[in-house]
$ cat final-v3.cif   # mmCIF, C-alpha atoms
data_structure
#
loop_
_atom_site.label_atom_id
_atom_site.label_comp_id
_atom_site.auth_asym_id
_atom_site.auth_seq_id
_atom_site.Cartn_x
_atom_site.Cartn_y
_atom_site.Cartn_z
CA MET F 1 -34.64 -12.09 59.31
CA ALA F 2 -32.31 -12.51 56.33
CA ASN F 3 -30.79 -9.46 54.70
CA ILE F 4 -28.82 -8.42 51.65
CA VAL F 5 -25.83 -6.57 53.03
CA GLY F 6 -24.30 -5.56 49.74
CA ALA F 7 -23.19 -6.43 46.26
CA PHE F 8 -19.77 -6.78 44.72
CA PHE F 9 -18.73 -6.64 41.11
CA LEU F 10 -15.71 -8.47 39.78
CA PRO F 11 -14.33 -10.01 36.58
CA HIS F 12 -14.57 -13.66 35.67
CA VAL F 13 -12.44 -13.97 32.55
CA PRO F 14 -11.00 -17.52 32.61
CA LEU F 15 -7.50 -16.47 31.60
CA ILE F 16 -7.01 -15.15 35.14
CA LEU F 17 -6.71 -18.76 36.22
CA SER F 18 -5.74 -20.59 33.04
CA GLU F 19 -3.01 -18.12 32.02
CA PRO F 20 -2.10 -16.52 35.35
CA ASP F 21 1.36 -15.42 34.27
CA ALA F 22 0.34 -13.80 31.00
CA PRO F 23 0.45 -10.22 32.33
CA PRO F 24 3.46 -8.67 34.06
CA ARG F 25 3.89 -9.94 37.61
CA GLU F 26 2.90 -6.66 39.25
CA VAL F 27 -0.33 -6.54 37.23
CA LYS F 28 -1.23 -10.11 38.11
CA ASP F 29 -0.50 -9.53 41.79
CA LYS F 30 -2.61 -6.40 41.85
CA ILE F 31 -5.59 -8.12 40.23
CA TYR F 32 -5.34 -11.12 42.54
CA ASP F 33 -5.16 -8.70 45.47
CA HIS F 34 -8.40 -7.06 44.36
CA PHE F 35 -10.15 -10.45 44.38
CA ALA F 36 -8.71 -11.13 47.84
CA ASP F 37 -9.78 -7.69 49.05
CA ILE F 38 -13.40 -8.44 48.20
CA GLY F 39 -13.07 -11.74 50.07
CA GLU F 40 -11.91 -9.81 53.13
CA ARG F 41 -14.84 -7.42 52.78
CA LEU F 42 -17.26 -10.36 52.63
CA ALA F 43 -15.70 -11.74 55.80
CA THR F 44 -15.84 -8.38 57.58
CA MET F 45 -19.51 -8.05 56.69
CA ASN F 46 -20.16 -11.57 58.04
CA VAL F 47 -21.63 -12.66 54.74
CA ASP F 48 -22.63 -16.31 54.85
CA THR F 49 -24.31 -16.70 51.44
CA VAL F 50 -23.44 -15.27 48.05
CA VAL F 51 -25.77 -15.19 45.08
CA THR F 52 -23.31 -15.24 42.20
CA ILE F 53 -24.60 -13.92 38.87
CA GLY F 54 -22.69 -15.56 36.04
CA ALA F 55 -22.92 -15.91 32.28
CA ASP F 56 -22.79 -19.09 30.27
CA HIS F 57 -20.45 -18.91 27.31
CA TYR F 58 -22.39 -21.34 25.13
CA GLY F 59 -20.73 -24.16 26.99
CA LEU F 60 -23.06 -25.38 29.73
CA PHE F 61 -26.25 -24.91 27.76
CA GLY F 62 -26.31 -26.02 24.14
CA PRO F 63 -28.47 -25.38 21.10
CA GLY F 64 -31.05 -27.79 22.52
CA CYS F 65 -32.01 -25.47 25.36
CA ILE F 66 -30.71 -22.01 26.20
CA PRO F 67 -32.23 -20.60 29.38
CA GLN F 68 -32.47 -16.81 29.66
CA CYS F 69 -32.20 -17.09 33.42
CA LEU F 70 -31.36 -20.12 35.51
CA ILE F 71 -30.83 -20.75 39.20
CA GLY F 72 -29.08 -23.69 40.79
CA ILE F 73 -31.29 -25.01 43.57
CA GLY F 74 -29.52 -28.33 44.18
CA ASP F 75 -26.03 -29.77 43.99
CA VAL F 76 -23.36 -27.60 42.42
CA GLU F 77 -19.86 -28.45 41.26
CA GLY F 78 -17.27 -26.80 39.06
CA PRO F 79 -15.48 -25.90 36.99
CA ALA F 80 -16.95 -27.41 33.86
CA GLU F 81 -13.76 -26.56 31.96
CA ASP F 82 -10.91 -29.05 32.29
CA TRP F 83 -8.46 -26.34 31.19
CA LEU F 84 -9.19 -23.73 33.84
CA GLY F 85 -6.30 -24.77 36.03
CA ILE F 86 -8.23 -25.71 39.16
CA GLU F 87 -9.59 -29.02 40.35
CA ARG F 88 -13.27 -29.77 39.95
CA THR F 89 -14.93 -29.65 43.35
CA ALA F 90 -18.34 -29.49 44.98
CA LEU F 91 -19.48 -26.06 46.12
CA SER F 92 -21.13 -25.44 49.44
CA THR F 93 -24.71 -24.37 48.67
CA ASN F 94 -27.69 -22.77 50.36
CA GLN F 95 -30.41 -24.88 48.78
CA PRO F 96 -33.34 -23.73 50.95
CA LEU F 97 -32.73 -20.06 50.13
CA ALA F 98 -32.13 -20.91 46.47
CA ARG F 99 -35.51 -22.62 46.36
CA ALA F 100 -37.08 -19.60 48.05
CA ILE F 101 -35.62 -17.33 45.36
CA LEU F 102 -37.08 -19.63 42.71
CA ASP F 103 -40.49 -19.60 44.39
CA GLN F 104 -40.44 -15.83 44.90
CA GLY F 105 -39.48 -15.44 41.26
CA GLN F 106 -42.53 -17.37 40.17
CA ALA F 107 -44.68 -15.09 42.27
CA ASP F 108 -42.92 -12.07 40.74
CA GLY F 109 -43.39 -13.29 37.17
CA ILE F 110 -39.81 -14.48 36.70
CA ASP F 111 -39.79 -17.57 34.50
CA TRP F 112 -36.72 -19.18 36.02
CA ALA F 113 -35.19 -22.29 34.58
CA PHE F 114 -33.69 -24.25 37.42
CA ALA F 115 -31.05 -26.91 37.87
CA LYS F 116 -31.05 -29.61 40.51
CA ASN F 117 -27.59 -30.72 39.51
CA LEU F 118 -25.41 -28.01 38.04
CA ARG F 119 -21.80 -27.98 36.87
CA VAL F 120 -20.81 -24.32 36.76
CA ASP F 121 -18.25 -22.65 34.50
CA HIS F 122 -15.54 -20.06 35.02
CA SER F 123 -18.04 -17.23 35.45
CA ILE F 124 -18.94 -18.70 38.83
CA MET F 125 -15.66 -20.47 39.58
CA VAL F 126 -13.17 -17.63 39.07
CA PRO F 127 -14.84 -15.44 41.72
CA HIS F 128 -15.44 -18.54 43.83
CA HIS F 129 -11.81 -19.61 43.75
CA LEU F 130 -10.21 -16.19 44.22
CA THR F 131 -12.74 -14.50 46.49
CA VAL F 132 -15.54 -16.60 47.96
CA LEU F 133 -13.34 -19.45 49.17
CA GLN F 134 -11.55 -17.05 51.48
CA VAL F 135 -14.58 -16.95 53.73
CA PRO F 136 -14.91 -20.23 55.63
CA GLY F 137 -18.39 -21.71 55.58
CA ILE F 138 -19.78 -19.34 52.98
CA ARG F 139 -22.41 -20.84 50.69
CA THR F 140 -23.12 -20.13 47.03
CA ILE F 141 -26.32 -19.82 45.04
CA PRO F 142 -25.43 -19.74 41.33
CA VAL F 143 -27.50 -17.77 38.85
CA TYR F 144 -27.00 -17.60 35.09
CA LEU F 145 -28.25 -14.84 32.83
CA ASN F 146 -27.92 -15.42 29.10
CA GLN F 147 -25.61 -13.07 27.30
CA GLY F 148 -23.59 -15.55 25.29
CA VAL F 149 -26.21 -16.48 22.73
CA GLU F 150 -28.33 -14.00 20.82
CA PRO F 151 -30.90 -12.86 21.85
CA ALA F 152 -29.42 -11.93 25.21
CA ILE F 153 -31.64 -11.45 28.21
CA PRO F 154 -33.14 -7.94 28.15
CA SER F 155 -31.59 -5.56 30.68
CA LYS F 156 -35.09 -4.87 31.98
CA ARG F 157 -35.42 -8.56 32.80
CA ALA F 158 -32.02 -8.63 34.50
CA ARG F 159 -33.17 -5.78 36.74
CA ALA F 160 -36.44 -7.51 37.57
CA ILE F 161 -34.54 -10.64 38.53
CA GLY F 162 -32.32 -8.65 40.89
CA GLU F 163 -35.38 -7.09 42.47
CA SER F 164 -36.99 -10.51 42.87
CA ILE F 165 -33.85 -11.92 44.50
CA ARG F 166 -34.04 -9.05 46.99
CA ASN F 167 -37.73 -9.76 47.64
CA ALA F 168 -36.94 -13.40 48.33
CA VAL F 169 -34.11 -12.71 50.75
CA LEU F 170 -36.05 -10.08 52.68
CA ALA F 171 -39.00 -12.46 53.01
CA TRP F 172 -36.83 -15.37 54.12
CA PRO F 173 -37.23 -16.22 57.82
CA GLY F 174 -33.62 -17.31 58.26
CA ASN F 175 -30.75 -15.18 59.54
CA GLU F 176 -28.61 -15.23 56.43
CA ARG F 177 -26.42 -12.29 55.54
CA VAL F 178 -26.39 -12.32 51.76
CA ALA F 179 -24.19 -10.59 49.22
CA VAL F 180 -24.86 -10.58 45.49
CA LEU F 181 -21.89 -10.91 43.14
CA GLY F 182 -22.29 -9.42 39.69
CA THR F 183 -19.54 -11.03 37.63
CA GLY F 184 -17.95 -10.23 34.30
CA GLY F 185 -17.30 -7.25 32.08
CA VAL F 186 -16.36 -4.70 31.34
CA SER F 187 -15.31 -4.37 27.67
CA HIS F 188 -13.92 -7.42 25.91
CA TRP F 189 -14.35 -9.13 22.61
CA VAL F 190 -14.44 -12.92 23.04
CA GLY F 191 -13.52 -14.87 19.92
CA TYR F 192 -13.81 -11.96 17.52
CA ALA F 193 -11.06 -10.73 15.23
CA GLN F 194 -10.49 -7.82 17.61
CA MET F 195 -10.10 -10.08 20.66
CA GLY F 196 -7.69 -8.26 22.96
CA ARG F 197 -9.19 -4.85 22.30
CA ILE F 198 -10.30 -2.98 25.42
CA ASN F 199 -12.39 0.17 25.26
CA GLU F 200 -11.19 2.01 28.33
CA GLU F 201 -13.30 5.05 27.52
CA PHE F 202 -16.50 3.00 27.51
CA ASP F 203 -15.46 1.19 30.68
CA ARG F 204 -14.77 4.40 32.60
CA ARG F 205 -18.03 5.93 31.40
CA PHE F 206 -19.87 2.81 32.57
CA LEU F 207 -18.14 2.93 35.96
CA ASP F 208 -19.15 6.58 36.30
CA LEU F 209 -22.75 5.47 35.78
CA PHE F 210 -22.19 2.80 38.41
CA GLU F 211 -20.89 5.25 40.99
CA ALA F 212 -23.85 7.51 40.24
CA ARG F 213 -26.08 4.43 40.66
CA ASP F 214 -27.66 5.41 37.37
CA ILE F 215 -29.15 2.04 36.57
CA ASP F 216 -31.62 3.65 34.18
CA ALA F 217 -28.79 4.99 32.03
CA MET F 218 -27.16 1.56 32.03
CA MET F 219 -30.42 -0.01 30.93
CA ALA F 220 -30.76 2.56 28.18
CA LEU F 221 -27.69 1.08 26.50
CA SER F 222 -28.97 -1.12 23.69
CA ASP F 223 -27.37 -4.46 23.03
CA ALA F 224 -26.18 -3.12 19.68
CA GLU F 225 -24.44 -0.20 21.39
CA ILE F 226 -22.81 -2.48 23.93
CA LEU F 227 -21.66 -4.90 21.23
CA GLU F 228 -20.16 -2.06 19.22
CA HIS F 229 -18.38 -0.30 22.06
CA ALA F 230 -17.70 -3.06 24.60
CA GLY F 231 -17.84 -6.28 22.62
CA ASN F 232 -19.83 -9.42 23.22
CA GLY F 233 -18.22 -9.71 26.65
CA GLY F 234 -19.51 -6.25 27.45
CA LEU F 235 -23.02 -7.67 27.55
CA GLU F 236 -22.05 -9.04 30.94
CA ILE F 237 -22.90 -5.63 32.38
CA LYS F 238 -26.39 -7.13 32.58
CA ASN F 239 -25.02 -9.13 35.53
CA TRP F 240 -24.08 -5.80 37.13
CA ILE F 241 -27.58 -4.45 36.50
CA CYS F 242 -29.09 -7.54 38.14
CA ALA F 243 -26.86 -7.26 41.21
CA MET F 244 -27.42 -3.51 41.48
CA ALA F 245 -31.17 -4.04 41.48
CA ALA F 246 -30.79 -6.29 44.50
CA VAL F 247 -29.24 -3.40 46.46
CA PRO F 248 -31.23 -0.41 45.22
CA ASP F 249 -30.19 2.08 47.88
CA GLY F 250 -26.59 1.04 48.30
CA VAL F 251 -23.53 3.26 48.44
CA ALA F 252 -21.53 2.68 45.26
CA GLU F 253 -17.76 2.66 45.05
CA VAL F 254 -15.44 1.57 42.26
CA LEU F 255 -12.61 -0.23 44.00
CA ALA F 256 -10.31 -0.60 41.01
CA TYR F 257 -10.14 -0.56 37.24
CA GLN F 258 -7.32 -1.97 35.17
CA PRO F 259 -7.27 -2.78 31.46
CA VAL F 260 -5.34 -6.04 31.09
CA PRO F 261 -4.75 -6.80 27.40
CA GLN F 262 -3.11 -10.14 28.21
CA TRP F 263 -6.39 -11.20 29.78
CA ILE F 264 -8.32 -9.42 26.99
CA THR F 265 -10.51 -7.49 29.43
CA GLY F 266 -11.10 -4.18 31.09
CA MET F 267 -11.19 -5.46 34.65
CA ALA F 268 -13.31 -3.62 37.17
CA PHE F 269 -13.93 -4.23 40.86
CA ALA F 270 -16.69 -2.43 42.69
CA GLU F 271 -18.88 -2.48 45.77
CA LEU F 272 -22.43 -1.50 46.50
CA ARG F 273 -22.86 -1.43 50.24
CA GLU F 274 -26.30 -1.47 51.74
CA ALA F 275 -26.98 1.86 53.38
CA ALA F 276 -26.81 1.64 57.17
CA MET H 1 -28.44 -27.60 6.31
CA SER H 2 -28.64 -24.77 8.82
CA ILE H 3 -26.45 -22.80 11.13
CA ASN H 4 -28.23 -24.55 13.99
CA ALA H 5 -26.80 -27.90 12.89
CA VAL H 6 -23.34 -26.33 12.63
CA GLU H 7 -23.68 -24.93 16.15
CA GLN H 8 -24.84 -28.30 17.47
CA ALA H 9 -21.74 -29.97 16.04
CA LEU H 10 -19.45 -27.24 17.35
CA TRP H 11 -21.06 -27.30 20.78
CA GLN H 12 -20.59 -31.03 21.16
CA ILE H 13 -16.98 -30.97 20.01
CA ALA H 14 -16.03 -27.82 21.89
CA ASN H 15 -17.52 -28.65 25.25
CA HIS H 16 -17.25 -32.38 25.72
CA ALA H 17 -13.82 -33.98 25.74
CA ASN H 18 -15.22 -37.40 24.87
CA GLU H 19 -17.03 -35.97 21.85
CA ALA H 20 -13.85 -34.22 20.69
CA GLU H 21 -12.04 -37.52 20.98
CA LEU H 22 -14.68 -39.27 18.88
CA TYR H 23 -14.47 -36.45 16.35
CA ARG H 24 -10.69 -36.66 16.10
CA ALA H 25 -10.84 -40.44 15.67
CA ASN H 26 -12.95 -40.16 12.53
CA THR H 27 -14.02 -36.68 11.56
CA ALA H 28 -16.16 -37.61 8.56
CA SER H 29 -18.01 -40.34 10.39
CA TYR H 30 -18.57 -38.13 13.42
CA LEU H 31 -19.92 -35.21 11.41
CA SER H 32 -22.28 -37.46 9.45
CA GLN H 33 -24.66 -37.46 12.44
CA PHE H 34 -25.46 -33.79 11.75
CA ARG H 35 -27.38 -32.42 8.78
CA LEU H 36 -24.45 -30.44 7.38
CA GLU H 37 -23.70 -29.22 3.87
CA PRO H 38 -20.38 -30.29 2.30
CA ASP H 39 -18.91 -26.80 2.69
CA GLU H 40 -19.90 -26.73 6.35
CA ILE H 41 -18.16 -30.05 6.91
CA GLU H 42 -15.09 -28.68 5.17
CA MET H 43 -15.08 -25.55 7.33
CA ILE H 44 -15.27 -27.59 10.51
CA GLN H 45 -12.62 -30.07 9.42
CA SER H 46 -10.24 -27.30 8.41
CA VAL H 47 -11.03 -25.26 11.53
CA ASP H 48 -11.96 -22.37 9.26
CA VAL H 49 -12.83 -20.08 12.11
CA LYS H 50 -13.34 -17.03 9.94
CA GLY H 51 -15.61 -18.88 7.53
CA LEU H 52 -17.66 -20.39 10.33
CA THR H 53 -18.08 -16.98 11.94
CA GLN H 54 -19.05 -15.38 8.64
CA ARG H 55 -21.59 -18.19 8.17
CA GLY H 56 -23.17 -17.07 11.44
CA ALA H 57 -21.81 -19.56 13.98
CA ASN H 58 -21.50 -18.17 17.50
CA VAL H 59 -17.90 -17.03 18.06
CA MET H 60 -17.68 -18.69 21.45
CA LEU H 61 -18.38 -22.04 19.82
CA VAL H 62 -15.90 -21.28 17.06
CA LEU H 63 -13.25 -20.42 19.63
CA GLY H 64 -14.17 -23.59 21.52
CA LEU H 65 -13.71 -25.68 18.38
CA ALA H 66 -10.26 -24.21 17.85
CA ARG H 67 -9.30 -24.87 21.46
CA ALA H 68 -10.58 -28.46 21.30
CA ILE H 69 -8.90 -29.31 18.00
CA LEU H 70 -5.82 -27.11 17.82
CA GLY H 71 -5.06 -27.21 21.55
CA PRO H 72 -5.01 -24.73 24.41
CA ASP H 73 -2.19 -22.69 22.85
CA CYS H 74 -4.17 -22.04 19.69
CA ILE H 75 -4.88 -18.34 20.24
CA PRO H 76 -2.12 -16.93 17.99
CA GLU H 77 -3.16 -19.30 15.18
CA TYR H 78 -6.83 -18.55 15.84
CA MET H 79 -6.25 -14.81 15.68
CA GLY H 80 -4.18 -15.23 12.53
CA LYS H 81 -7.05 -17.06 10.86
CA MET H 82 -9.66 -14.59 12.08
CA ASN H 83 -7.67 -11.66 10.76
CA SER H 84 -6.59 -13.26 7.48
#

$ encode --input "final-v3.cif" --output "structure tokens"
Amino acid sequence: MANIVGAFFLPHVPLILSEPDAPPREVKDKIYDHFADIGERLATMNVDTVVTIGADHYGLFGPGCIPQCLIGIGDVEGPAEDWLGIERTALSTNQPLARAILDQGQADGIDWAFAKNLRVDHSIMVPHHLTVLQVPGIRTIPVYLNQGVEPAIPSKRARAIGESIRNAVLAWPGNERVAVLGTGGVSHWVGYAQMGRINEEFDRRFLDLFEARDIDAMMALSDAEILEHAGNGGLEIKNWICAMAAVPDGVAEVLAYQPVPQWITGMAFAELREAA
Amino acid sequence: MSINAVEQALWQIANHANEAELYRANTASYLSQFRLEPDEIEMIQSVDVKGLTQRGANVMLVLGLARAILGPDCIPEYMGKMNS
């Protein structure tokens, strides 16, 4: 029987790859080491499939159709951006399980949009390149939650999606060992006049909530509050909420936090390990 | 005409290299396919990122326009315009 063995939380800001030498060398090395560390943890836990929760930045999906939640159930390649600094490549996928998550979602009242041919952006590819690729044979199921275009997906919906992903994996007859990756955050202002600002106080308060597994308090943050105190990029904490909901009884640990102004983001790494 | 038309134009230019190339080849002709007001056309052509944002265009699209037209090293100029 398949199982969700844990969730990890990690940044996806594209500058990590497109402007790798922007921060001081020791800062860059430390951040890259944190990505690698999560890769090692995935390997140690024998994870063979990751469900990566990303956020479109009004790039993949245009004004003609903006899905609130989308799952890739077919072929996947990335990155979409030709400036990210890595070659476009096909990702190894777990299409049967992806389809099962879609089907379970429909039973759970999740109105998934789905893609049979998906070119993913940096929100999937940064964690893929720096973390997931370290585990040979690991397969990816990409999920997008809308935070880039108002109105963002409600946090309540993000939680329900995480719960539905868990339902699907636990009902799946295969032997997969699945980890959910909640990508993005914490505070950053993308494109705004204050781009480069990082609200360390908000970030640390949010990480305290994470370690307390206080998902209700996270969900109580309104979008307006998040926008004011953590920027439009801060809305990516909905990806954290989704991933946390997939591991409801996990043991939470913040692995690292580092504000990196050169990469315009308060960068947090965390783990939620399924209780033994 | 509407901010939706502005966003459609920005999205196409910002996210598709071939569209950006067509735009650069003849900006007026390219923008004529969208229902844009003269001041909206002017804001796009002049990469008036602050004006576009104040008009209500999504900042990620505005940033994408700047990157597509001004180049990948546009951030200092972009920030200068946004904070002018």

$ resolve_selection --input "final-v3.cif" --expression "the PyMOL selection byres ((chain F and resi 231) around 12)" --output "PyMOL selection string"
(chain F and resi 147-148+185-199+202-203+223-230+232-237+264-266) or (chain H and resi 59)

$ write_last_selection --input "final-v3.cif" --atoms "C-alpha atoms" --output "mmCIF file, keeping the file's coordinate frame"
data_model
loop_
_atom_site.group_PDB
_atom_site.id
_atom_site.type_symbol
_atom_site.label_atom_id
_atom_site.label_comp_id
_atom_site.auth_asym_id
_atom_site.auth_seq_id
_atom_site.Cartn_x
_atom_site.Cartn_y
_atom_site.Cartn_z
ATOM 1 C CA GLN F 147 -25.610 -13.070 27.300
ATOM 2 C CA GLY F 148 -23.590 -15.550 25.290
ATOM 3 C CA GLY F 185 -17.300 -7.250 32.080
ATOM 4 C CA VAL F 186 -16.360 -4.700 31.340
ATOM 5 C CA SER F 187 -15.310 -4.370 27.670
ATOM 6 C CA HIS F 188 -13.920 -7.420 25.910
ATOM 7 C CA TRP F 189 -14.350 -9.130 22.610
ATOM 8 C CA VAL F 190 -14.440 -12.920 23.040
ATOM 9 C CA GLY F 191 -13.520 -14.870 19.920
ATOM 10 C CA TYR F 192 -13.810 -11.960 17.520
ATOM 11 C CA ALA F 193 -11.060 -10.730 15.230
ATOM 12 C CA GLN F 194 -10.490 -7.820 17.610
ATOM 13 C CA MET F 195 -10.100 -10.080 20.660
ATOM 14 C CA GLY F 196 -7.690 -8.260 22.960
ATOM 15 C CA ARG F 197 -9.190 -4.850 22.300
ATOM 16 C CA ILE F 198 -10.300 -2.980 25.420
ATOM 17 C CA ASN F 199 -12.390 0.170 25.260
ATOM 18 C CA PHE F 202 -16.500 3.000 27.510
ATOM 19 C CA ASP F 203 -15.460 1.190 30.680
ATOM 20 C CA ASP F 223 -27.370 -4.460 23.030
ATOM 21 C CA ALA F 224 -26.180 -3.120 19.680
ATOM 22 C CA GLU F 225 -24.440 -0.200 21.390
ATOM 23 C CA ILE F 226 -22.810 -2.480 23.930
ATOM 24 C CA LEU F 227 -21.660 -4.900 21.230
ATOM 25 C CA GLU F 228 -20.160 -2.060 19.220
ATOM 26 C CA HIS F 229 -18.380 -0.300 22.060
ATOM 27 C CA ALA F 230 -17.700 -3.060 24.600
ATOM 28 C CA ASN F 232 -19.830 -9.420 23.220
ATOM 29 C CA GLY F 233 -18.220 -9.710 26.650
ATOM 30 C CA GLY F 234 -19.510 -6.250 27.450
ATOM 31 C CA LEU F 235 -23.020 -7.670 27.550
ATOM 32 C CA GLU F 236 -22.050 -9.040 30.940
ATOM 33 C CA ILE F 237 -22.900 -5.630 32.380
ATOM 34 C CA ILE F 264 -8.320 -9.420 26.990
ATOM 35 C CA THR F 265 -10.510 -7.490 29.430
ATOM 36 C CA GLY F 266 -11.100 -4.180 31.090
ATOM 37 C CA VAL H 59 -17.900 -17.030 18.060
#

$ resolve_selection --input "final-v3.cif" --expression "the PyMOL selection byres ((chain H) within 7 of (chain F))" --output "list in words"
Glu7, Gln8, Trp11, Asn15, Val59, Met60, Leu61, Leu63, Met79, Met82 and Asn83 of chain H

$ resolve_selection --input "final-v3.cif" --expression "the PyMOL selection byres ((chain H and resi 40) around 10)" --output "list in words"
Met1, Ser2, Ile3, Ala5, Val6, Leu31, Arg35, Leu36, Glu37, Pro38, Asp39, Ile41, Glu42, Met43, Ile44, Gln45, Ser46, Asp48, Gly51, Leu52 and Arg55 of chain H

$ atom_distance --input "final-v3.cif" --atom1 "atom CA of F:Met219" --atom2 "atom CA of F:Arg159"
8.6 Å

$ atom_distance --input "final-v3.cif" --atom1 "atom CA of F:Leu130" --atom2 "atom CA of F:Arg204"
24.1 Å

$ atom_distance --input "final-v3.cif" --atom1 "atom CA of F:Gln262" --atom2 "atom CA of H:Gln12"
28.1 Å

$ closest_residue --input "final-v3.cif" --among "F:Glu176, F:Glu200, F:Asp29, F:Asp216" --to "F:Asp48" --atoms "only C-alpha atoms"
F:Glu176

$ residues_near_point --input "final-v3.cif" --point "(-31.8, -25.4, 49.2)" --cutoff "10 Å" --atoms "only C-alpha atoms" --output "short mmCIF file (atom, residue, chain, number, x, y, z; two decimals) with C-alpha atoms, keeping the file's coordinate frame"
data_model
loop_
_atom_site.label_atom_id
_atom_site.label_comp_id
_atom_site.auth_asym_id
_atom_site.auth_seq_id
_atom_site.Cartn_x
_atom_site.Cartn_y
_atom_site.Cartn_z
CA GLY F 72 -29.08 -23.69 40.79
CA ILE F 73 -31.29 -25.01 43.57
CA GLY F 74 -29.52 -28.33 44.18
CA ASP F 75 -26.03 -29.77 43.99
CA THR F 93 -24.71 -24.37 48.67
CA ASN F 94 -27.69 -22.77 50.36
CA GLN F 95 -30.41 -24.88 48.78
CA PRO F 96 -33.34 -23.73 50.95
CA LEU F 97 -32.73 -20.06 50.13
CA ALA F 98 -32.13 -20.91 46.47
CA ARG F 99 -35.51 -22.62 46.36
CA ALA F 100 -37.08 -19.60 48.05
CA ILE F 101 -35.62 -17.33 45.36
CA LYS F 116 -31.05 -29.61 40.51
CA ILE F 141 -26.32 -19.82 45.04
#

$ decode --input "final-v3.cif" --residues "stretch 7-12 of chain H" --atoms "all heavy atoms" --output "PDB file, in the first residue's frame"
ATOM      1  N   GLU H   7      -3.602  43.215 -19.876  1.00  0.00           N
ATOM      2  CA  GLU H   7      -2.954  42.008 -19.342  1.00  0.00           C
ATOM      3  C   GLU H   7      -2.748  40.958 -20.436  1.00  0.00           C
ATOM      4  O   GLU H   7      -1.738  40.254 -20.438  1.00  0.00           O
ATOM      5  CB  GLU H   7      -3.765  41.434 -18.173  1.00  0.00           C
ATOM      6  CG  GLU H   7      -3.673  42.314 -16.927  1.00  0.00           C
ATOM      7  CD  GLU H   7      -3.983  41.568 -15.638  1.00  0.00           C
ATOM      8  OE1 GLU H   7      -4.494  40.435 -15.714  1.00  0.00           O
ATOM      9  OE2 GLU H   7      -3.710  42.131 -14.559  1.00  0.00           O
ATOM     10  N   GLN H   8      -3.694  40.862 -21.366  1.00  0.00           N
ATOM     11  CA  GLN H   8      -3.519  39.899 -22.457  1.00  0.00           C
ATOM     12  C   GLN H   8      -2.286  40.251 -23.285  1.00  0.00           C
ATOM     13  O   GLN H   8      -1.475  39.382 -23.633  1.00  0.00           O
ATOM     14  CB  GLN H   8      -4.763  39.866 -23.349  1.00  0.00           C
ATOM     15  CG  GLN H   8      -4.702  38.845 -24.479  1.00  0.00           C
ATOM     16  CD  GLN H   8      -4.702  37.401 -23.981  1.00  0.00           C
ATOM     17  OE1 GLN H   8      -5.435  37.065 -23.056  1.00  0.00           O
ATOM     18  NE2 GLN H   8      -3.877  36.558 -24.581  1.00  0.00           N
ATOM     19  N   ALA H   9      -2.148  41.546 -23.594  1.00  0.00           N
ATOM     20  CA  ALA H   9      -0.983  41.984 -24.377  1.00  0.00           C
ATOM     21  C   ALA H   9       0.307  41.727 -23.605  1.00  0.00           C
ATOM     22  O   ALA H   9       1.283  41.185 -24.150  1.00  0.00           O
ATOM     23  CB  ALA H   9      -1.112  43.468 -24.712  1.00  0.00           C
ATOM     24  N   LEU H  10       0.309  42.094 -22.324  1.00  0.00           N
ATOM     25  CA  LEU H  10       1.517  41.898 -21.517  1.00  0.00           C
ATOM     26  C   LEU H  10       1.859  40.416 -21.403  1.00  0.00           C
ATOM     27  O   LEU H  10       3.032  40.029 -21.482  1.00  0.00           O
ATOM     28  CB  LEU H  10       1.321  42.480 -20.104  1.00  0.00           C
ATOM     29  CG  LEU H  10       1.067  43.983 -19.983  1.00  0.00           C
ATOM     30  CD1 LEU H  10       1.024  44.391 -18.513  1.00  0.00           C
ATOM     31  CD2 LEU H  10       2.114  44.788 -20.712  1.00  0.00           C
ATOM     32  N   TRP H  11       0.842  39.599 -21.213  1.00  0.00           N
ATOM     33  CA  TRP H  11       1.088  38.165 -21.037  1.00  0.00           C
ATOM     34  C   TRP H  11       1.742  37.569 -22.290  1.00  0.00           C
ATOM     35  O   TRP H  11       2.693  36.789 -22.214  1.00  0.00           O
ATOM     36  CB  TRP H  11      -0.218  37.443 -20.732  1.00  0.00           C
ATOM     37  CG  TRP H  11      -0.043  35.977 -20.489  1.00  0.00           C
ATOM     38  CD1 TRP H  11       0.521  35.377 -19.402  1.00  0.00           C
ATOM     39  CD2 TRP H  11      -0.412  34.910 -21.378  1.00  0.00           C
ATOM     40  NE1 TRP H  11       0.520  34.013 -19.547  1.00  0.00           N
ATOM     41  CE2 TRP H  11      -0.050  33.693 -20.742  1.00  0.00           C
ATOM     42  CE3 TRP H  11      -1.014  34.869 -22.632  1.00  0.00           C
ATOM     43  CZ2 TRP H  11      -0.273  32.451 -21.335  1.00  0.00           C
ATOM     44  CZ3 TRP H  11      -1.243  33.623 -23.222  1.00  0.00           C
ATOM     45  CH2 TRP H  11      -0.866  32.436 -22.576  1.00  0.00           C
ATOM     46  N   GLN H  12       1.212  37.959 -23.437  1.00  0.00           N
ATOM     47  CA  GLN H  12       1.773  37.406 -24.678  1.00  0.00           C
ATOM     48  C   GLN H  12       3.216  37.853 -24.878  1.00  0.00           C
ATOM     49  O   GLN H  12       4.076  37.064 -25.254  1.00  0.00           O
ATOM     50  CB  GLN H  12       0.911  37.824 -25.875  1.00  0.00           C
ATOM     51  CG  GLN H  12      -0.438  37.151 -25.881  1.00  0.00           C
ATOM     52  CD  GLN H  12      -1.283  37.430 -27.111  1.00  0.00           C
ATOM     53  OE1 GLN H  12      -2.499  37.271 -27.075  1.00  0.00           O
ATOM     54  NE2 GLN H  12      -0.662  37.876 -28.192  1.00  0.00           N
TER      55      GLN H  12
END
